[in-house]
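Contents: one structure, followed by commentary.
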Amino acid sequence: MLPPTDPPDLPKDPVTPVPLPPPHKIVMLSAGGLATLLAALAMLGPFSIDAYLPAFPQIQAELAATPLEVQQTLTAYMLAFAGMVLWHGALSDAFGRRNVILVALVVFAIGTFGCASASSVHYLWVFRIMQGVSAGAGVVVGRAIIRDLYSDTAAARLLSMVTMIFSIAPAIAPVVGGWIVLWFDWRAIFLALCMYTVLLAWFCWKHLPETIPSTQRQPFNPRFLAKSYGAIFSSFLFHMKAGVTALNFGGLFLYIAAAPVMLPESLGLGPSQFAWLFVPTVSGIFLGSLMANRLAGRMDFARQIRIGFFFMLAAVTFNVTYHAFLPPALPWTVAPMFFFTFGSSLIAPGATLLALDLFPHIRGTVASCQSFVSTLLGAIVAGVVAPMLSHSVLALAVGQMFFVLVSLAFWDTARRHRRKLRARGEQVP
């Protein structure tokens, strides 16, 4: 069971100083239960991105939009996500983890219902932005909640468990979205997501604990925020460590964003066959996270990250070599994604925690900045890089290799810089 958290400040009776009972009782969850809940919150992101990808042609036809305008619904979401994810952590540091998540779920539900009722692609842009500004709260605040409650090894295990459960979403989202498009229409995708969000909000209201007591909350004022963000973004080590996870995500998201073009054009797959790409991708995430969970406490983060890079480099090397000489074909075109995501999932827990521990007193804000870097790169990949490369599988393979090589360079640079600081007698986590 989780350790008890400080009770919230309760209203006082005007006659007696005894606090009134809370309006409802929060039923505490086990570690596994908390991991499942945080994973369910994190699933809002991939559901918002992957589930409606098979519906792009139908959205284009019904709303009389161009392919680029439909593609920009994804870009609008990603830019809004990246902009607001920078603030979720700071808000949770100031007003509490639980409060931020509950408000975000309400906003997301409204935006999702608006997407289902959009009468033009421009209205769809607006409501996708509304989804974007709220979807990241679960990912960002969830990381802070884990670090609030658990130490290094336990935190790494729980974080990998969250990733393992969460990995189900990218696998089932495009498949379920393709089925819904065939059986109903694209609006039903957003209605189903809206119902999921309402149910999730109710469950969080009943079970999500507050993990940062009022005595440990940070002020939400311009001076303190400027100082916090300035310290984080001026940290060379933060950019290197956050860059590792961001670039790995960019290599993965390149294929996700290119899927609506690459799968039909290069492999001849229809909307209901997107599982060819997403099943190996998510299987790698699941098994890599499971391996990271088993390795936590048995080896240090540096060795685990090196093993992860070995798998990623092997995957991209095979991918580029195969498509340099042979045409795209199943299963060879999609098989490398399993090894790519397996390696990136081995890297993610250690790299994430190492970045959070650079500023332990403002972990929520650090988590926001970390997610901002990843999401901003994802938005650039979706809006610029993927459209440029999606018509050639070889170009996509080379692009993914580029992301891996730069990520490895960032990790090596961070290690060298850390050793220099320690040689000068400076304390670094």
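Ordering of the structure tokens sets the chain letters (A, B, ...); residue numbers start at 1 within each chain; ligands are numbered from 1 in the order shown.
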
Inset, instruction - Name all residues at most 12 Å from stretch 382-384 of chain A (count only C-alpha atoms; drop same-chain ones fewer than 5 positions away) and give them as a PyMOL selection string. - result: chain A and resi 49+68-79+249-260+375-377+389-390

Inset, instruction - Excluding stretch 344-347 of chain A and residues on its chain fewer than 6 positions from it, collect all residues at most 6 Å away from it, counting only C-alpha atoms, and give them as a PyMOL selection string. - result: chain A and resi 285+288-289+292+305+308

Export of prior selection with all heavy atoms as a PDB file, in the first residue's frame:
ATOM      1  N   ILE A 285       7.741  -1.802 -26.750  1.00  0.00           N
ATOM      2  CA  ILE A 285       7.586  -0.927 -25.582  1.00  0.00           C
ATOM      3  C   ILE A 285       7.232  -1.751 -24.348  1.00  0.00           C
ATOM      4  O   ILE A 285       7.803  -1.565 -23.264  1.00  0.00           O
ATOM      5  CB  ILE A 285       6.516   0.148 -25.847  1.00  0.00           C
ATOM      6  CG1 ILE A 285       6.951   1.069 -26.987  1.00  0.00           C
ATOM      7  CG2 ILE A 285       6.240   0.964 -24.578  1.00  0.00           C
ATOM      8  CD1 ILE A 285       5.892   2.076 -27.401  1.00  0.00           C
ATOM      9  N   GLY A 288      10.205  -4.134 -23.395  1.00  0.00           N
ATOM     10  CA  GLY A 288      11.319  -3.320 -22.922  1.00  0.00           C
ATOM     11  C   GLY A 288      11.052  -2.746 -21.547  1.00  0.00           C
ATOM     12  O   GLY A 288      11.949  -2.715 -20.686  1.00  0.00           O
ATOM     13  N   SER A 289       9.829  -2.299 -21.308  1.00  0.00           N
ATOM     14  CA  SER A 289       9.466  -1.785 -19.988  1.00  0.00           C
ATOM     15  C   SER A 289       9.472  -2.894 -18.945  1.00  0.00           C
ATOM     16  O   SER A 289       9.868  -2.681 -17.799  1.00  0.00           O
ATOM     17  CB  SER A 289       8.082  -1.131 -20.054  1.00  0.00           C
ATOM     18  OG  SER A 289       8.071  -0.062 -20.969  1.00  0.00           O
ATOM     19  N   ALA A 292      13.040  -3.450 -18.118  1.00  0.00           N
ATOM     20  CA  ALA A 292      13.526  -2.355 -17.274  1.00  0.00           C
ATOM     21  C   ALA A 292      13.046  -2.525 -15.841  1.00  0.00           C
ATOM     22  O   ALA A 292      13.782  -2.245 -14.880  1.00  0.00           O
ATOM     23  CB  ALA A 292      13.058  -1.010 -17.831  1.00  0.00           C
ATOM     24  N   ILE A 305      21.148   1.883 -19.861  1.00  0.00           N
ATOM     25  CA  ILE A 305      20.994   2.772 -21.016  1.00  0.00           C
ATOM     26  C   ILE A 305      21.901   2.332 -22.164  1.00  0.00           C
ATOM     27  O   ILE A 305      21.508   2.387 -23.339  1.00  0.00           O
ATOM     28  CB  ILE A 305      21.268   4.231 -20.584  1.00  0.00           C
ATOM     29  CG1 ILE A 305      20.114   4.726 -19.693  1.00  0.00           C
ATOM     30  CG2 ILE A 305      21.444   5.147 -21.791  1.00  0.00           C
ATOM     31  CD1 ILE A 305      20.352   6.069 -19.052  1.00  0.00           C
ATOM     32  N   GLY A 308      20.219  -0.434 -23.921  1.00  0.00           N
ATOM     33  CA  GLY A 308      19.128   0.097 -24.731  1.00  0.00           C
ATOM     34  C   GLY A 308      19.621   0.660 -26.054  1.00  0.00           C
ATOM     35  O   GLY A 308      19.029   0.416 -27.123  1.00  0.00           O
TER      36      GLY A 308
END

Legend entry - Using only C-alpha atoms: which of A:Ile189, A:Gly138, A:Leu394, A:Ser283 has the shortest distance to A:Arg97: A:Gly138

Legend entry - alpha helix (DSSP H) positions in stretch 163-226 of chain A, given as a ChimeraX atom specification: /A:163-166,168-183,186-207,222-226

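Across the model, the gap from atom CA of A:Ala275 to atom CA of A:Gly32 is 27.7 Å.
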
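By chain and then residue number, the residues within 8 Å of A:Arg294 are Arg157, Leu290 and Arg298 of chain A, counting only C-alpha atoms and disregarding those fewer than 4 positions away in sequence.
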
Inset, instruction - Considering only C-alpha atoms, return as a ChimeraX atom specification whatever protein or nucleic-acid residues lie within 12 Å of stretch 195-206 of chain A, sequence-local ones (same chain, fewer than 6 positions apart) excluded. - result: /A:23-29,33-34,36-45,47-48,97-113,116,131,134-135,138,188-189
